[in-house]
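Chemist: What follows is the file target_0.cif, containing mmCIF, C-alpha atoms:
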```cif
data_query
#
loop_
_atom_site.label_atom_id
_atom_site.label_comp_id
_atom_site.auth_asym_id
_atom_site.auth_seq_id
_atom_site.Cartn_x
_atom_site.Cartn_y
_atom_site.Cartn_z
CA MET A 1 -21.40 95.22 -232.29
CA PHE A 2 -19.92 94.85 -228.81
CA TYR A 3 -20.88 98.42 -227.91
CA ILE A 4 -24.51 97.95 -228.99
CA GLY A 5 -24.70 94.81 -226.86
CA ALA A 6 -23.17 96.60 -223.89
CA VAL A 7 -25.54 99.55 -224.23
CA LEU A 8 -28.55 97.24 -224.45
CA PHE A 9 -27.35 95.31 -221.42
CA LEU A 10 -26.76 98.43 -219.33
CA PHE A 11 -30.09 99.89 -220.37
CA SER A 12 -31.98 96.70 -219.48
CA VAL A 13 -30.25 96.44 -216.09
CA SER A 14 -31.11 100.10 -215.40
CA CYS A 15 -34.74 99.51 -216.33
CA GLN A 16 -34.92 96.43 -214.11
CA GLY A 17 -33.37 98.37 -211.26
CA LEU A 18 -35.81 101.25 -211.73
CA LEU A 19 -38.76 98.86 -211.87
CA PHE A 20 -37.73 97.26 -208.57
CA TRP A 21 -37.08 100.60 -206.95
CA ARG A 22 -40.41 102.10 -208.06
CA GLY A 23 -42.25 98.88 -207.17
CA TRP A 24 -40.74 99.02 -203.71
CA ARG A 25 -41.71 102.72 -203.36
CA TRP A 26 -45.40 102.35 -204.24
CA GLY A 27 -45.96 98.75 -203.18
CA GLY A 28 -45.86 97.12 -206.61
CA TRP A 29 -44.83 93.82 -205.06
CA HIS A 30 -48.14 93.59 -203.26
CA ALA A 31 -50.23 94.93 -206.13
CA TYR A 32 -48.64 92.83 -208.89
CA PRO A 33 -46.85 89.87 -207.26
CA PHE A 34 -46.92 87.57 -210.31
CA PHE A 35 -45.41 90.24 -212.50
CA TYR A 36 -42.58 90.81 -210.03
CA ILE A 37 -41.87 87.07 -209.76
CA TYR A 38 -41.22 86.98 -213.51
CA LEU A 39 -39.19 90.17 -213.37
CA SER A 40 -37.10 88.81 -210.48
CA TYR A 41 -36.43 85.61 -212.38
CA THR A 42 -35.26 87.36 -215.56
CA SER A 43 -33.24 89.90 -213.56
CA PHE A 44 -31.54 87.08 -211.69
CA TRP A 45 -30.41 85.44 -214.94
CA THR A 46 -29.37 88.78 -216.45
CA VAL A 47 -26.91 89.18 -213.59
CA ALA A 48 -26.02 85.50 -213.32
CA PHE A 49 -25.03 85.23 -216.99
CA LEU A 50 -22.70 88.15 -216.52
CA PHE A 51 -20.55 85.99 -214.25
CA PHE A 52 -21.06 82.70 -216.08
CA PRO A 53 -18.14 82.05 -218.45
CA HIS A 54 -19.53 81.69 -221.97
CA ALA A 55 -16.92 79.09 -222.88
CA HIS A 56 -18.00 76.80 -220.05
CA PRO A 57 -19.36 73.48 -221.39
CA LEU A 58 -22.50 73.82 -219.26
CA TYR A 59 -23.32 77.30 -220.55
CA PRO A 60 -25.62 76.30 -223.49
CA LYS A 61 -27.58 73.86 -221.34
CA VAL A 62 -28.03 76.34 -218.47
CA TYR A 63 -28.94 79.09 -220.91
CA TRP A 64 -31.64 77.10 -222.70
CA ASP A 65 -33.01 75.61 -219.48
CA SER A 66 -33.35 79.10 -218.03
CA GLU A 67 -35.08 80.23 -221.24
CA LEU A 68 -37.51 77.31 -221.06
CA VAL A 69 -38.45 78.17 -217.47
CA ALA A 70 -38.79 81.85 -218.47
CA ALA A 71 -41.13 80.82 -221.31
CA VAL A 72 -43.37 79.10 -218.75
CA LEU A 73 -43.10 81.92 -216.21
CA ARG A 74 -44.31 84.40 -218.81
CA PHE A 75 -47.78 83.10 -218.10
CA LEU A 76 -47.47 84.80 -214.72
CA VAL A 77 -47.39 88.15 -216.52
CA ALA A 78 -50.32 87.10 -218.70
CA TRP A 79 -52.21 86.07 -215.55
CA GLU A 80 -51.36 89.38 -213.88
CA VAL A 81 -52.79 91.23 -216.88
CA PHE A 82 -55.94 89.09 -216.70
CA ARG A 83 -56.51 89.65 -212.98
CA GLY A 84 -55.65 93.34 -213.34
CA VAL A 85 -58.28 93.87 -216.02
CA PHE A 86 -61.09 91.71 -214.64
CA SER A 87 -61.88 92.17 -210.97
CA HIS A 88 -62.23 89.09 -208.81
CA GLY A 89 -65.75 87.68 -208.49
CA THR A 90 -67.30 89.58 -211.41
CA VAL A 91 -69.44 88.06 -214.14
CA ILE A 92 -67.17 89.48 -216.85
CA ARG A 93 -64.19 87.74 -215.32
CA ARG A 94 -66.06 84.45 -215.51
CA ILE A 95 -67.03 85.07 -219.13
CA ALA A 96 -63.48 86.13 -220.04
CA GLY A 97 -62.12 83.07 -218.23
CA ASP A 98 -64.41 80.78 -220.22
CA VAL A 99 -63.42 82.43 -223.52
CA MET A 100 -59.78 82.13 -222.55
CA VAL A 101 -60.05 78.43 -221.68
CA VAL A 102 -61.83 77.64 -224.96
CA VAL A 103 -59.27 79.51 -227.07
CA LEU A 104 -56.30 78.02 -225.22
CA VAL A 105 -57.70 74.50 -225.53
CA LEU A 106 -58.27 75.06 -229.27
CA LEU A 107 -54.73 76.38 -229.61
CA ALA A 108 -53.31 73.38 -227.73
CA LEU A 109 -55.38 71.08 -229.94
CA ALA A 110 -54.04 72.79 -233.07
CA PHE A 111 -50.46 72.41 -231.80
CA TRP A 112 -51.05 68.76 -230.95
CA LEU A 113 -52.65 67.96 -234.31
CA SER A 114 -49.98 69.77 -236.33
CA GLY A 115 -47.24 68.07 -234.30
CA PRO A 116 -43.68 69.34 -233.97
CA THR A 117 -42.32 71.22 -236.96
CA PRO A 118 -40.04 68.76 -238.81
CA GLY A 119 -36.34 69.51 -238.90
CA VAL A 120 -36.30 72.18 -236.21
CA SER A 121 -35.08 72.22 -232.64
CA PRO A 122 -37.82 71.02 -230.25
CA VAL A 123 -36.73 73.62 -227.68
CA ILE A 124 -37.17 76.49 -230.14
CA ASP A 125 -40.45 75.00 -231.34
CA PHE A 126 -41.71 74.72 -227.76
CA MET A 127 -40.70 78.28 -226.93
CA ARG A 128 -42.31 79.62 -230.08
CA LYS A 129 -45.58 77.90 -229.25
CA MET A 130 -45.48 79.05 -225.64
CA ALA A 131 -44.89 82.62 -226.80
CA LEU A 132 -47.79 82.37 -229.23
CA THR A 133 -50.08 81.06 -226.47
CA ALA A 134 -49.07 83.85 -224.07
CA GLY A 135 -49.48 86.45 -226.83
CA ALA A 136 -52.91 85.10 -227.79
CA TRP A 137 -53.93 85.18 -224.12
CA THR A 138 -52.93 88.85 -223.79
CA VAL A 139 -54.63 89.89 -227.03
CA LEU A 140 -57.79 88.08 -225.91
CA VAL A 141 -57.78 89.86 -222.55
CA LEU A 142 -57.41 93.22 -224.30
CA GLY A 143 -60.09 92.27 -226.84
CA VAL A 144 -62.63 91.15 -224.22
CA ALA A 145 -61.93 94.27 -222.15
CA ARG A 146 -62.47 96.41 -225.24
CA PHE A 147 -65.68 94.55 -226.10
CA TYR A 148 -67.16 95.13 -222.64
CA GLY A 149 -65.86 98.70 -222.47
CA ILE A 150 -63.63 98.05 -219.45
CA ARG A 151 -61.12 100.83 -218.90
CA ILE A 152 -57.65 99.41 -218.36
CA GLY A 153 -55.35 101.10 -215.87
CA GLN A 154 -51.97 102.41 -216.96
CA ASN A 155 -50.03 99.71 -215.08
CA THR A 156 -51.91 96.77 -216.54
CA TRP A 157 -51.95 98.35 -219.98
CA GLY A 158 -48.20 98.87 -219.85
CA MET A 159 -47.63 95.32 -218.66
CA ALA A 160 -49.76 93.93 -221.50
CA ILE A 161 -48.31 96.03 -224.31
CA GLY A 162 -44.68 95.61 -223.23
CA PHE A 163 -45.22 91.89 -222.86
CA LEU A 164 -46.88 91.67 -226.26
CA ILE A 165 -43.98 93.48 -227.92
CA PHE A 166 -41.55 90.96 -226.47
CA VAL A 167 -43.49 87.73 -227.07
CA SER A 168 -44.44 88.74 -230.61
CA SER A 169 -40.81 89.44 -231.43
CA GLU A 170 -39.95 86.02 -230.00
CA ILE A 171 -42.54 84.27 -232.18
CA ALA A 172 -41.30 86.05 -235.30
CA ASP A 173 -37.66 85.65 -234.29
CA PHE A 174 -37.75 81.90 -233.71
CA ALA A 175 -39.88 81.31 -236.80
CA ALA A 176 -37.48 83.37 -238.92
CA PHE A 177 -34.46 81.51 -237.53
CA ASP A 178 -35.92 78.21 -238.67
CA LEU A 179 -37.12 79.55 -241.98
CA SER A 180 -33.82 80.78 -243.30
CA SER A 181 -30.40 81.74 -242.01
CA TRP A 182 -30.81 84.89 -244.11
CA PHE A 183 -32.99 86.41 -241.36
CA ILE A 184 -30.54 85.71 -238.54
CA PRO A 185 -28.60 89.03 -238.74
CA ILE A 186 -31.87 91.01 -238.62
CA TRP A 187 -33.64 89.16 -235.82
CA ARG A 188 -30.47 88.83 -233.79
CA PHE A 189 -30.92 92.53 -233.04
CA VAL A 190 -34.68 92.82 -233.10
CA HIS A 191 -35.34 90.26 -230.35
CA PRO A 192 -32.93 91.63 -227.69
CA PHE A 193 -34.01 95.12 -228.64
CA ALA A 194 -37.66 94.08 -228.13
CA TYR A 195 -36.74 92.76 -224.67
CA VAL A 196 -35.12 96.06 -223.71
CA PHE A 197 -38.01 97.95 -225.24
CA MET A 198 -40.43 95.88 -223.14
CA LEU A 199 -38.48 96.80 -220.01
CA ALA A 200 -38.53 100.47 -221.03
CA VAL A 201 -42.32 100.37 -221.58
CA TRP A 202 -42.79 98.66 -218.22
CA THR A 203 -40.59 101.23 -216.48
CA TRP A 204 -42.48 104.08 -218.11
CA LEU A 205 -45.99 102.80 -217.42
CA LEU A 206 -45.33 101.26 -214.02
CA TRP A 207 -43.55 104.29 -212.63
CA ASP A 208 -46.52 105.14 -210.42
CA TYR A 209 -49.41 103.11 -209.09
CA ALA A 210 -52.27 103.49 -211.58
CA PRO A 211 -54.57 100.47 -211.38
CA ASN A 212 -57.68 99.71 -213.35
CA PRO A 213 -59.98 102.77 -212.90
CA GLN A 214 -62.99 100.46 -212.75
CA ASN A 215 -61.71 98.85 -209.54
CA GLU A 216 -60.88 102.11 -207.91
CA THR A 217 -63.77 104.42 -208.68
CA ASP A 218 -66.33 104.75 -206.00
CA SER A 219 -69.58 105.69 -207.65
CA SER A 220 -71.99 107.24 -205.19
CA LEU A 221 -74.60 107.44 -207.92
CA ALA A 222 -74.64 103.72 -208.72
CA PRO A 223 -76.91 102.53 -205.86
CA LEU A 224 -79.30 105.38 -206.54
CA LEU A 225 -79.55 104.56 -210.23
CA LEU A 226 -79.90 100.87 -209.47
CA SER A 227 -82.84 101.44 -207.15
CA GLU A 228 -84.47 103.74 -209.73
CA TRP A 229 -83.93 101.18 -212.44
CA GLN A 230 -85.43 98.45 -210.25
CA ARG A 231 -88.45 100.63 -209.58
CA GLN A 232 -88.78 101.40 -213.28
CA SER A 233 -88.40 97.75 -214.19
CA ALA A 234 -91.09 96.72 -211.69
CA ALA A 235 -93.45 99.38 -213.07
CA LEU A 236 -92.76 98.21 -216.62
CA ASP A 237 -93.47 94.62 -215.64
CA LYS A 238 -96.76 95.62 -214.00
CA THR A 239 -97.87 97.64 -217.02
CA ILE A 240 -96.94 94.92 -219.51
CA ARG A 241 -99.08 92.48 -217.51
CA LYS A 242 -101.93 94.99 -217.57
CA VAL A 243 -101.62 95.40 -221.35
CA ILE A 244 -101.46 91.67 -222.00
CA GLN A 245 -104.34 90.80 -219.65
CA PRO A 246 -106.55 93.91 -219.44
CA MET B 1 -42.68 75.40 -243.64
CA ILE B 2 -46.25 76.73 -243.76
CA GLN B 3 -46.44 76.61 -239.97
CA LEU B 4 -43.20 78.58 -239.69
CA LEU B 5 -44.37 81.17 -242.21
CA LEU B 6 -47.65 81.48 -240.35
CA MET B 7 -45.83 81.91 -237.04
CA ALA B 8 -43.54 84.58 -238.46
CA PHE B 9 -46.54 86.40 -239.92
CA ILE B 10 -48.49 86.23 -236.62
CA GLY B 11 -45.43 87.43 -234.72
CA ILE B 12 -44.95 90.44 -236.98
CA LEU B 13 -48.68 91.17 -236.88
CA LEU B 14 -48.73 91.09 -233.07
CA LEU B 15 -45.63 93.26 -232.92
CA CYS B 16 -47.23 95.86 -235.21
CA PHE B 17 -50.41 95.76 -233.13
CA ALA B 18 -48.50 96.27 -229.87
CA LEU B 19 -46.46 99.15 -231.28
CA PHE B 20 -49.57 100.76 -232.74
CA ALA B 21 -51.41 100.40 -229.39
CA LEU B 22 -48.43 101.90 -227.58
CA GLY B 23 -48.32 104.82 -230.02
CA ARG B 24 -52.02 105.45 -229.57
CA LYS B 25 -51.72 105.34 -225.81
CA SER B 26 -48.93 107.88 -225.69
CA ARG B 27 -50.85 110.15 -228.08
CA THR B 28 -54.06 110.07 -226.05
CA LYS B 29 -52.28 110.24 -222.69
CA SER B 30 -52.24 114.02 -222.64
CA GLU B 31 -55.87 114.17 -223.74
CA ASP B 32 -57.41 112.02 -221.06
CA CYS B 33 -54.75 112.69 -218.38
CA SER B 34 -56.10 109.51 -216.75
CA ASP B 35 -53.79 109.53 -213.74
CA SER B 36 -54.64 112.97 -212.54
CA GLU B 37 -58.30 112.55 -213.37
CA VAL B 38 -58.59 109.29 -211.46
CA GLU B 39 -56.84 110.93 -208.53
CA VAL B 40 -59.16 113.93 -208.58
CA LEU B 41 -62.22 111.73 -209.08
CA ARG B 42 -61.15 109.69 -206.09
CA MET B 43 -60.66 112.82 -204.01
CA LEU B 44 -63.88 114.51 -205.05
CA ARG B 45 -66.08 111.47 -205.72
CA LEU B 46 -67.66 112.94 -208.86
CA GLY B 47 -70.24 110.21 -209.32
CA SER B 48 -72.36 112.16 -211.77
CA LEU B 49 -69.64 112.24 -214.44
CA GLU B 50 -69.38 108.46 -214.47
CA PHE B 51 -72.92 108.25 -215.78
CA ASP B 52 -73.70 108.78 -219.44
CA ALA B 53 -77.07 110.56 -219.40
CA THR B 54 -77.59 110.68 -223.18
CA ILE B 55 -80.11 107.81 -223.18
CA LEU B 56 -81.90 109.29 -220.17
CA PHE B 57 -82.83 112.38 -222.14
CA SER B 58 -83.59 110.57 -225.39
CA ASP B 59 -87.28 110.22 -226.29
CA THR B 60 -86.94 107.38 -228.84
CA ASP B 61 -88.45 104.62 -226.68
CA TYR B 62 -91.09 106.99 -225.32
CA ARG B 63 -92.25 107.82 -228.84
CA LEU B 64 -92.30 104.15 -229.75
CA LEU B 65 -94.52 103.33 -226.79
CA ALA B 66 -96.72 106.38 -227.22
CA SER B 67 -97.41 105.50 -230.88
CA GLU B 68 -99.42 102.44 -229.74
CA PRO B 69 -102.70 103.33 -227.99
CA GLN B 70 -102.54 100.34 -225.60
CA TRP B 71 -99.04 101.29 -224.45
CA ARG B 72 -99.74 104.96 -223.73
CA SER B 73 -100.00 104.46 -219.97
CA LEU B 74 -96.69 102.62 -220.06
CA ALA B 75 -95.17 105.54 -221.99
CA ARG B 76 -96.45 107.95 -219.34
CA GLU B 77 -94.96 105.77 -216.61
CA LEU B 78 -91.64 105.66 -218.45
CA ARG B 79 -91.64 109.43 -218.87
CA LYS B 80 -92.28 109.94 -215.16
CA ASP B 81 -89.53 107.50 -214.15
CA ARG B 82 -87.09 109.05 -216.61
CA ARG B 83 -87.89 112.48 -215.20
CA ASP B 84 -87.19 111.28 -211.64
CA ILE B 85 -83.87 109.72 -212.64
CA ALA B 86 -82.91 112.83 -214.63
CA LEU B 87 -83.67 114.98 -211.61
CA ASP B 88 -81.56 112.74 -209.40
CA TRP B 89 -78.69 112.94 -211.85
CA LEU B 90 -78.95 116.73 -212.14
CA ARG B 91 -78.96 116.98 -208.34
CA GLU B 92 -75.78 114.87 -208.23
CA LEU B 93 -74.24 117.07 -210.93
CA GLN B 94 -75.07 120.14 -208.87
CA LYS B 95 -73.48 118.55 -205.78
CA ASP B 96 -70.35 117.76 -207.79
CA VAL B 97 -70.03 121.32 -209.09
CA PHE B 98 -70.38 122.60 -205.56
CA SER B 99 -67.85 120.05 -204.34
CA MET B 100 -65.36 121.15 -207.02
CA TRP B 101 -65.88 124.77 -206.09
CA ARG B 102 -65.11 123.94 -202.48
CA PHE B 103 -62.11 121.87 -203.55
CA ARG B 104 -60.77 124.79 -205.54
CA SER B 105 -61.08 127.19 -202.62
CA PHE B 106 -59.44 124.52 -200.47
CA LEU B 107 -56.50 124.42 -202.90
CA THR B 108 -56.29 128.22 -202.86
CA ARG B 109 -56.22 128.07 -199.06
CA LEU B 110 -53.27 125.68 -199.31
CA GLY B 111 -51.49 128.19 -201.50
CA VAL B 112 -52.06 126.38 -204.80
CA THR B 113 -53.32 129.11 -207.09
CA VAL B 114 -52.94 130.10 -210.72
CA GLY B 115 -53.64 133.76 -210.17
CA MET B 116 -56.42 135.89 -208.76
CA ARG B 117 -58.01 136.48 -212.15
CA ASN B 118 -58.20 132.77 -212.89
CA ASP B 119 -59.64 131.99 -209.47
CA LEU B 120 -62.34 134.63 -209.90
CA SER B 121 -63.26 133.46 -213.38
CA GLU B 122 -63.52 129.86 -212.14
CA ALA B 123 -65.71 130.92 -209.23
CA PHE B 124 -67.93 132.85 -211.65
CA ARG B 125 -68.10 129.80 -213.94
CA SER B 126 -69.13 127.57 -211.06
CA LEU B 127 -71.78 130.03 -209.95
CA LEU B 128 -73.15 130.28 -213.48
CA LEU B 129 -73.22 126.51 -213.80
CA LEU B 130 -75.01 126.09 -210.48
CA SER B 131 -77.62 128.63 -211.56
CA LEU B 132 -78.05 126.93 -214.92
CA LEU B 133 -78.48 123.58 -213.19
CA CYS B 134 -81.19 125.06 -210.96
CA VAL B 135 -83.04 126.32 -214.04
CA VAL B 136 -82.66 122.98 -215.84
CA ARG B 137 -83.91 121.05 -212.81
CA VAL B 138 -87.01 123.23 -212.54
CA SER B 139 -87.61 122.91 -216.29
CA VAL B 140 -87.22 119.12 -216.23
CA ARG B 141 -89.61 118.87 -213.29
CA LEU B 142 -92.20 120.95 -215.12
CA LEU B 143 -91.76 119.85 -218.74
CA GLY B 144 -90.15 116.42 -218.50
CA PRO B 145 -86.65 115.33 -219.55
CA TYR B 146 -87.03 114.93 -223.31
CA ALA B 147 -86.74 118.58 -224.31
CA PHE B 148 -83.44 119.01 -222.49
CA GLY B 149 -81.15 116.42 -224.06
CA LYS B 150 -78.81 118.96 -225.64
CA THR B 151 -78.84 121.17 -222.55
CA ALA B 152 -77.90 118.17 -220.38
CA VAL B 153 -74.97 117.34 -222.67
CA THR B 154 -73.82 120.99 -222.59
CA VAL B 155 -74.05 121.14 -218.81
CA ARG B 156 -72.18 117.87 -218.45
CA THR B 157 -69.41 119.14 -220.77
CA SER B 158 -69.14 122.32 -218.70
CA VAL B 159 -68.80 120.26 -215.51
CA GLU B 160 -66.12 118.17 -217.21
CA ASN B 161 -64.27 121.35 -218.17
CA LEU B 162 -64.50 122.51 -214.59
CA LYS B 163 -63.03 119.20 -213.47
CA ARG B 164 -60.19 119.57 -216.01
CA SER B 165 -59.45 122.98 -214.64
CA CYS B 166 -59.31 121.46 -211.12
CA VAL B 167 -56.92 118.79 -212.44
CA ALA B 168 -54.75 121.48 -214.03
CA THR B 169 -54.60 123.41 -210.77
CA LEU B 170 -53.75 120.27 -208.84
CA SER B 171 -51.03 119.45 -211.38
CA ASN B 172 -49.18 122.56 -210.18
CA LEU B 173 -48.40 120.62 -207.05
CA PRO B 174 -45.80 117.84 -206.91
CA ARG B 175 -47.45 114.41 -207.03
CA GLU B 176 -45.84 113.44 -203.75
CA ARG B 177 -48.07 115.96 -202.00
CA TRP B 178 -51.31 114.60 -203.48
CA PRO B 179 -51.94 111.91 -200.86
CA GLN B 180 -51.43 114.52 -198.16
CA ILE B 181 -53.90 116.85 -199.90
CA ALA B 182 -56.41 114.02 -200.28
CA ALA B 183 -56.18 113.26 -196.55
CA GLU B 184 -56.49 116.95 -195.67
CA TRP B 185 -59.48 117.29 -198.00
CA GLN B 186 -61.21 114.34 -196.34
CA ARG B 187 -60.58 115.94 -192.95
CA VAL B 188 -62.08 119.26 -194.16
CA GLN B 189 -65.13 117.47 -195.53
CA ALA B 190 -65.68 115.62 -192.27
CA LEU B 191 -65.82 118.90 -190.32
#
```
Please express the file's structure as structure tokens.
Modeler:
Amino acid sequence: MFYIGAVLFLFSVSCQGLLFWRGWRWGGWHAYPFFYIYLSYTSFWTVAFLFFPHAHPLYPKVYWDSELVAAVLRFLVAWEVFRGVFSHGTVIRRIAGDVMVVVLVLLALAFWLSGPTPGVSPVIDFMRKMALTAGAWTVLVLGVARFYGIRIGQNTWGMAIGFLIFVSSEIADFAAFDLSSWFIPIWRFVHPFAYVFMLAVWTWLLWDYAPNPQNETDSSLAPLLLSEWQRQSAALDKTIRKVIQP
Amino acid sequence: MIQLLLMAFIGILLLCFALFALGRKSRTKSEDCSDSEVEVLRMLRLGSLEFDATILFSDTDYRLLASEPQWRSLARELRKDRRDIALDWLRELQKDVFSMWRFRSFLTRLGVTVGMRNDLSEAFRSLLLLSLLCVVRVSVRLLGPYAFGKTAVTVRTSVENLKRSCVATLSNLPRERWPQIAAEWQRVQAL
């Protein structure tokens, strides 16, 4: 048990180190600042908890407070995915933003109407709901991008999928904890493993700078086709008028 | 209890979705080789391949308009406009083939080569494609775009294959050298 924990810890620290190193090499901090804020925060606590004595009376409070802040900061990753997929100032971004707001408001309304789950820790309940919201946000971004045929770059895709693996495991983990103690031995491994897996996916897909192809491609044909289309559209309009009023 | 069960179910569902998406991505990664392709597209600016010309060569809407006597002139107008756009696209395709040919010889000049035989066969392929494009352009100008839908798709696929071959040649170089090559290529083009 101890060895598995140690291996997971060492692997996650290595992944975090690699992510920072690669980000520094290709300018990831400038390209994805929100993502790196979250990563810095979690990396800080990974190291800090190494030196924090577990038997200290303040340990549980510090641990759960840090988790609560992390649950909120996860929205930075979700936001990074959103702004990575939809370029600034585009119509699709506005549409996706509207869809997102509606769904998040509905989700908040559902949480408010259902109230806190009776007999469970409010912290766990809060974290579960935050994870569900962040997960729904990411799935929506991927869904809208798929609907409009937007190609997602490797970096953003990796961020989204890794993040989804982690938040989904958190939702299932915290729900299973409260459902029955029978699940605890299973999810005790799945959730930390999902975290390490997320870091591995991020390291793999953020190794090099590969943004959204849509933002990067310079189409020399686009203005030409646009002018042709405008000409065609004007001709069509003229002819339709002629047909309607001969 | 129901809320907790629902949450656990959603969590597992999302987890399965994420793992499935990840599996699909890693499977298709080698097929679309997105990184290298984006890099090459950026270097060469292959605008023609970003445009799906299938609709351009389809005669469905033309037939629809031509079936109504009062819309015949509109159909003729549409056909003429389609022909002009198709010709523009074919010209861009021709430019891109030529650009890739030049890029390949540029790579050979830098010492990136996969053998004399391969280089010759690629040059022959490019030449053949350029000739075919000339013939297709003349045919489209004379006969209109609608008879050449399949030919256009074939030509486009051949250009894509040519691009893949460029990507494969470029992949022989370490990625660290790519920005340097891109800069050098821009300098060569500016001359």
Chemist: Give me, please, the distance in Å between atom CA of B:Ala152 and atom CA of B:Leu133, quoted to one decimal.
Modeler: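 Interatomic distance here is 9.0 Å.
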Chemist: For A:Ser168, which residue among A:Arg128, A:Arg188, A:Arg151, A:His54 is the nearest when counting only C-alpha atoms?
Modeler: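 Distance minimum relative to A:Ser168 lands on A:Arg128.
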Chemist: Which residues are near A:Thr42? Cut-off 10 Å, all atoms listed in the file, ignore same chain within fewer than 2 positions. Put them as a list in words.
Modeler: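 The contact residues come out as Gln16, Tyr36, Ile37, Tyr38, Leu39, Ser40, Phe44, Trp45, Thr46, Val47, Ala48, Ser66, Glu67, Val69, Ala70 and Leu73 of chain A.
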Chemist: Using only C-alpha atoms, which of A:Ala136, A:Val196, A:Ile165, A:Leu205 sits nearest chain B?
Modeler: A:Ile165
Chemist: Could you tell me, as an NGL selection string, exactly which residues end up selected when the PyMOL selection byres ((chain B and resi 74) around 9) is applied to this structure?
Modeler: (:A and (235-236 or 239-240 or 243)) or (:B and (62 or 65-66 or 70-73 or 75-79))
Chemist: Evaluating the PyMOL selection byres ((chain B) within 10 of (chain A)) on the displayed file yields which residues, as JSON, numbers by chain?
Modeler: {"B": [1, 2, 3, 4, 5, 6, 7, 8, 9, 10, 11, 12, 13, 14, 15, 16, 17, 18, 19, 20, 21, 22, 25, 29, 34, 35, 36, 37, 38, 39, 41, 42, 45, 46, 47, 48, 49, 50, 51, 70, 71, 73, 74, 75, 77, 78, 80, 81, 82, 84, 85, 86, 88, 89, 92, 175]}
Chemist: What is the distance between atom CA of B:Leu110 and atom CA of B:Ser131, in Å to one decimal?
Modeler: 27.4 Å
Chemist: Mind giving me the straight-line distance from atom CA of B:Asp59 to atom CA of B:Lys95 in Å, one decimal?
Modeler: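 These atoms are spaced 26.1 Å apart.
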Chemist: Counting all atoms listed in the file, select every polymer residue within 12 Å of (-79.9, 128.5, -219.6) as defined in the file's coordinates, and provide the selection as a list in words.
Modeler: Leu128, Leu129, Leu130, Ser131, Leu132, Leu133, Cys134, Val135, Val136, Arg137, Val138, Ser139, Phe148, Lys150, Thr151, Ala152, Thr154 and Val155 of chain B
Chemist: Nearest to A:Phe126: which of A:Ala200, A:Ile184, A:Leu68, A:Val62 is it, counting all atoms listed in the file?
Modeler: A:Leu68
Chemist: Write out as number ranges by chain each polymer residue whose atoms come within 10 Å of B:Ile55, counting all atoms listed in the file; drop sequence neighbours fewer than 3 positions from it.
Modeler: B: 52, 58-61, 82, 146, 149
Chemist: Restricting the output to C-alpha atoms, write the selected residues as a tab-separated table (two decimals), in the coordinates of the input.
Modeler:
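Everything below was put into part-v3.tsv:
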```tsv
chain	number	residue	atom	x	y	z
B	52	ASP	CA	-73.70	108.78	-219.44
B	58	SER	CA	-83.59	110.57	-225.39
B	59	ASP	CA	-87.28	110.22	-226.29
B	60	THR	CA	-86.94	107.38	-228.84
B	61	ASP	CA	-88.45	104.62	-226.68
B	82	ARG	CA	-87.09	109.05	-216.61
B	146	TYR	CA	-87.03	114.93	-223.31
B	149	GLY	CA	-81.15	116.42	-224.06
```
Chemist: So which one's closest to B:Trp185, B:Phe106, B:Trp101, B:Arg63, B:Phe57? Using all atoms listed in the file, please.
Modeler: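 Result for the nearest residue to B:Trp185: B:Phe106.
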Chemist: Residues picked by the PyMOL selection byres ((chain B and resi 166) around 10) here, as number ranges by chain?
Modeler: B: 36-37, 40, 100-101, 103-104, 107, 122, 160-165, 167-171
Chemist: Quick one: residues within 12 Å of stretch 4-6 of chain A, all atoms listed in the file, excluding same-chain residues fewer than 4 positions away - as a PDB file with C-alpha atoms, in the frame of the given file?
Modeler:
```pdb
ATOM      1  CA  LEU A  10     -26.760  98.430-219.330  1.00  0.00           C
ATOM      2  CA  PHE A  11     -30.090  99.890-220.370  1.00  0.00           C
ATOM      3  CA  SER A  12     -31.980  96.700-219.480  1.00  0.00           C
ATOM      4  CA  VAL A  13     -30.250  96.440-216.090  1.00  0.00           C
ATOM      5  CA  LEU A  50     -22.700  88.150-216.520  1.00  0.00           C
ATOM      6  CA  ARG A 188     -30.470  88.830-233.790  1.00  0.00           C
ATOM      7  CA  PHE A 189     -30.920  92.530-233.040  1.00  0.00           C
ATOM      8  CA  VAL A 190     -34.680  92.820-233.100  1.00  0.00           C
ATOM      9  CA  PRO A 192     -32.930  91.630-227.690  1.00  0.00           C
ATOM     10  CA  PHE A 193     -34.010  95.120-228.640  1.00  0.00           C
ATOM     11  CA  VAL A 196     -35.120  96.060-223.710  1.00  0.00           C
TER      12      VAL A 196
END
```
